[in-house]
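For reference, the structure discussed in these notes is given below.
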Amino acid sequence: MSFIYNLMAILILVSSIYEVSKDETPSKMWFYFIIIMMTLTAGLAYGLSPDWLAYWNAFEGAAQTSFVELSDLAERVDMEFGYMLLNKIVSFLGLGYASFTLIIAGIALWLKANTIYKYGGYAFMALLMYFIPTYLFEEHVHVRQGLANAVMFFSIKYIIERKLWKFLLCFAVAFLFHKAVIAFVLAYWIVKIRLNNFTILALVGGAVIANLVGLSTAIDGVMQLMPFGVAETYNDYRNELMDRGVLGDIVKVITVLVIVTFNRAVSEKDELFVYFRNLYLFGIVIYFFFGQGIFAARLPGFYTVYLIFVVPRMVKALRDNAMFKNIVYIGFTVYTVLLYVNFYRNWGDRSGFGNYTTTFNTWVPYGFFSNQ
């Protein structure tokens, strides 16, 4: 990995260790300083996404297309209207593609950072688990998904406060950026489901069995009938399905077992843990149940990402028992660091993550303003 990513990972890791060991409220100024670093790094990156050329062409196309004809362009380039509208607005203001990538990184990370700081429990631990690997994908590669996920992160406050219409408004905005977010509309009600350990084990166990017997493949035919272009979106992700690593599946099962082990003790101390636990577990059920189908391509990620709230809140609730707190914290932190090493092995040495380049290079074919 390039120096900048290693630097940010080390800074967040050290901050997390200090925060958890001291059990103090993290410095808001330091937290947002790192967020600014993450924003600039992602927003100024050049050529990291395999689709960067398609995104750049879409921006140039939007600049030459009227607002009236923008929906036709969005259909031709197979990108959501909300994303194309944002392209058009930025280009209409006379800004170039370099400005656009910086703006969308800023929007996404501002929305996510506010939620992480407010609800993360141990904010730097939550940020570390988000950084590896969600930030590396959503703010660099799957940017439309990153924007949609950012809006849904922001909507968490309305789920907690039980403000349905504000949550649905957030959902509508997120849907305009990425259709795969459609299943997250269930989150408003999922957080209120009462789950005991037996129910959790039964749901996850049933999903694993369904995966092993191939039940999810029977669902694919139904998906072809989904409206609003959702079926086409999921079909586009068929090529993303591949044999998943067994280790990743094992880690998810172990994580569920850890949640079950401390579920009662943590739930009694932290009501919000239950909310994030339910969201994460729903993602795990989707992940395994639809493991052989097109649902598994992107959809679980909109739920499993809430592990970054589950674990830090669990660690904080266990702070009265130093042994349990340290076991959970060290275990998940070591795993997160190993994920970073694995990310480097699979992506860093064959992508821009290992040879970071910014839009400031003179040979980059776009600039911060439309006349550059």
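If you're wondering about the labels, chains in the structure tokens are A, B, ... by order shown, residues count from 1 in each chain, ligands from 1 in order shown.
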Checklist entry - Could you name the residues that touch Pro312 (chain A) at 12 Å or less, counting only C-alpha atoms, but leaving out those on the same chain fewer than 5 positions away, as a VMD selection string? => result chain A and resid 16 to 17 19 to 20 23 116 to 117 119 to 130 259 266 270 272 to 273 276 to 277 306 to 307 317 to 319 325 to 326 328 to 333
Item to check | DSSP-assigned helix (DSSP H, G or I) members of region 106-271 of chain A, reported as a VMD selection string | outcome: chain A and resid 106 to 119 123 to 138 143 to 154 156 to 160 164 to 177 179 to 190 197 to 213 215 to 223 230 to 236 238 to 240 246 to 269 271
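Distances here use only C-alpha atoms; by that measure, the residue among A:Lys118, A:Leu338, A:Ser49, A:Ala63 closest to Lys28 (chain A) is A:Lys118.
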Item to check | Spatial neighbours of Trp52 (chain A), max dist 12 Å, only C-alpha atoms, sep filter under 6 positions, as number ranges by chain | outcome: A: 45-46, 58-59, 97-98, 101, 140-144, 352, 365-366
Item to check | For Phe81 (chain A): contacts at 9 Å, only C-alpha atoms, fewer than 3 positions along chain excluded, given as a ChimeraX atom specification | outcome: /A:70-71,73-75,84-86,176-177
Next on the checklist: Between CA of Leu168 (chain A) and CA of Asn278 (chain A), what is the distance in Å, rounded to a tenth?
Outcome noted: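 Interatomic distance here is 19.0 Å.
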Item to check | A:Thr134, A:Ser27, A:Asn114, A:Thr39 ranked by distance to Gly301 (chain A), top pick (using only C-alpha atoms) | outcome: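 Among the listed residues, A:Thr134 lies closest to Gly301 (chain A).
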Item to check | Option closest in space to Tyr158 (chain A), from A:Ser21, A:Thr261, A:Thr115, A:Asn196 [counting only C-alpha atoms] | outcome: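 That would be A:Thr115, the residue with the smallest distance to Tyr158 (chain A).
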Checklist entry - Which one is closest to Phe288 (chain A): A:Val256, A:Ala207, A:Leu195, A:Ile250? Count only C-alpha atoms. => result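 Smallest distance to Phe288 (chain A) is found for A:Ala207.
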Checklist entry - Contacts of Ala42 (chain A) at 12 Å or less, counting only C-alpha atoms, minus same-chain residues fewer than 6 places along, as number ranges by chain? => result A: 4-5, 8, 35-36, 48-49, 98-109, 131, 135-143, 146, 352-353, 356-359
Residues as selected, C-alpha atoms, written as a CSV table (one decimal), in the first residue's frame, can you do that?
chain,number,residue,atom,x,y,z
A,4,ILE,CA,-0.7,7.7,2.7
A,5,TYR,CA,-2.9,4.7,3.4
A,8,MET,CA,-3.8,6.9,8.0
A,35,ILE,CA,-11.5,12.5,8.3
A,36,ILE,CA,-10.2,15.4,6.3
A,48,LEU,CA,-8.0,3.9,-8.6
A,49,SER,CA,-11.4,2.6,-9.7
A,98,ALA,CA,-11.3,16.5,-10.1
A,99,SER,CA,-13.6,18.8,-8.2
A,100,PHE,CA,-16.5,16.4,-8.5
A,101,THR,CA,-14.5,13.4,-7.1
A,102,LEU,CA,-13.4,15.6,-4.2
A,103,ILE,CA,-17.0,16.8,-3.5
A,104,ILE,CA,-18.5,13.3,-3.5
A,105,ALA,CA,-15.8,12.1,-1.2
A,106,GLY,CA,-16.5,15.0,1.1
A,107,ILE,CA,-20.2,14.5,1.2
A,108,ALA,CA,-19.9,10.7,1.8
A,109,LEU,CA,-17.3,11.0,4.6
A,131,PHE,CA,-11.4,2.3,7.1
A,135,TYR,CA,-13.5,3.2,3.0
A,136,LEU,CA,-11.0,1.7,0.6
A,137,PHE,CA,-13.9,0.4,-1.6
A,138,GLU,CA,-16.7,2.8,-1.1
A,139,GLU,CA,-14.8,6.1,-1.4
A,140,HIS,CA,-12.5,4.9,-4.1
A,141,VAL,CA,-14.1,2.2,-6.2
A,142,HIS,CA,-17.9,1.8,-5.6
A,143,VAL,CA,-18.5,5.5,-5.2
A,146,GLY,CA,-20.6,4.9,-1.1
A,352,GLY,CA,-3.5,2.4,-7.6
A,353,PHE,CA,-3.6,1.6,-3.8
A,356,TYR,CA,-1.1,6.3,-5.3
A,357,THR,CA,-1.4,9.2,-7.8
A,358,THR,CA,-3.3,12.4,-7.4
A,359,THR,CA,-5.1,14.6,-9.9
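Proximity to Phe262 (chain A) was assessed for A:Val181, A:Gly283, A:Ala113, A:Val311 counting only C-alpha atoms; the smallest distance is recorded for A:Val311.
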Item to check | From A:Leu7, A:Phe154, A:Gly61, A:Ile12, residue lying nearest Thr41 (chain A) [only C-alpha atoms] | outcome: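 Ranked by minimum distance to Thr41 (chain A), first place goes to A:Leu7.
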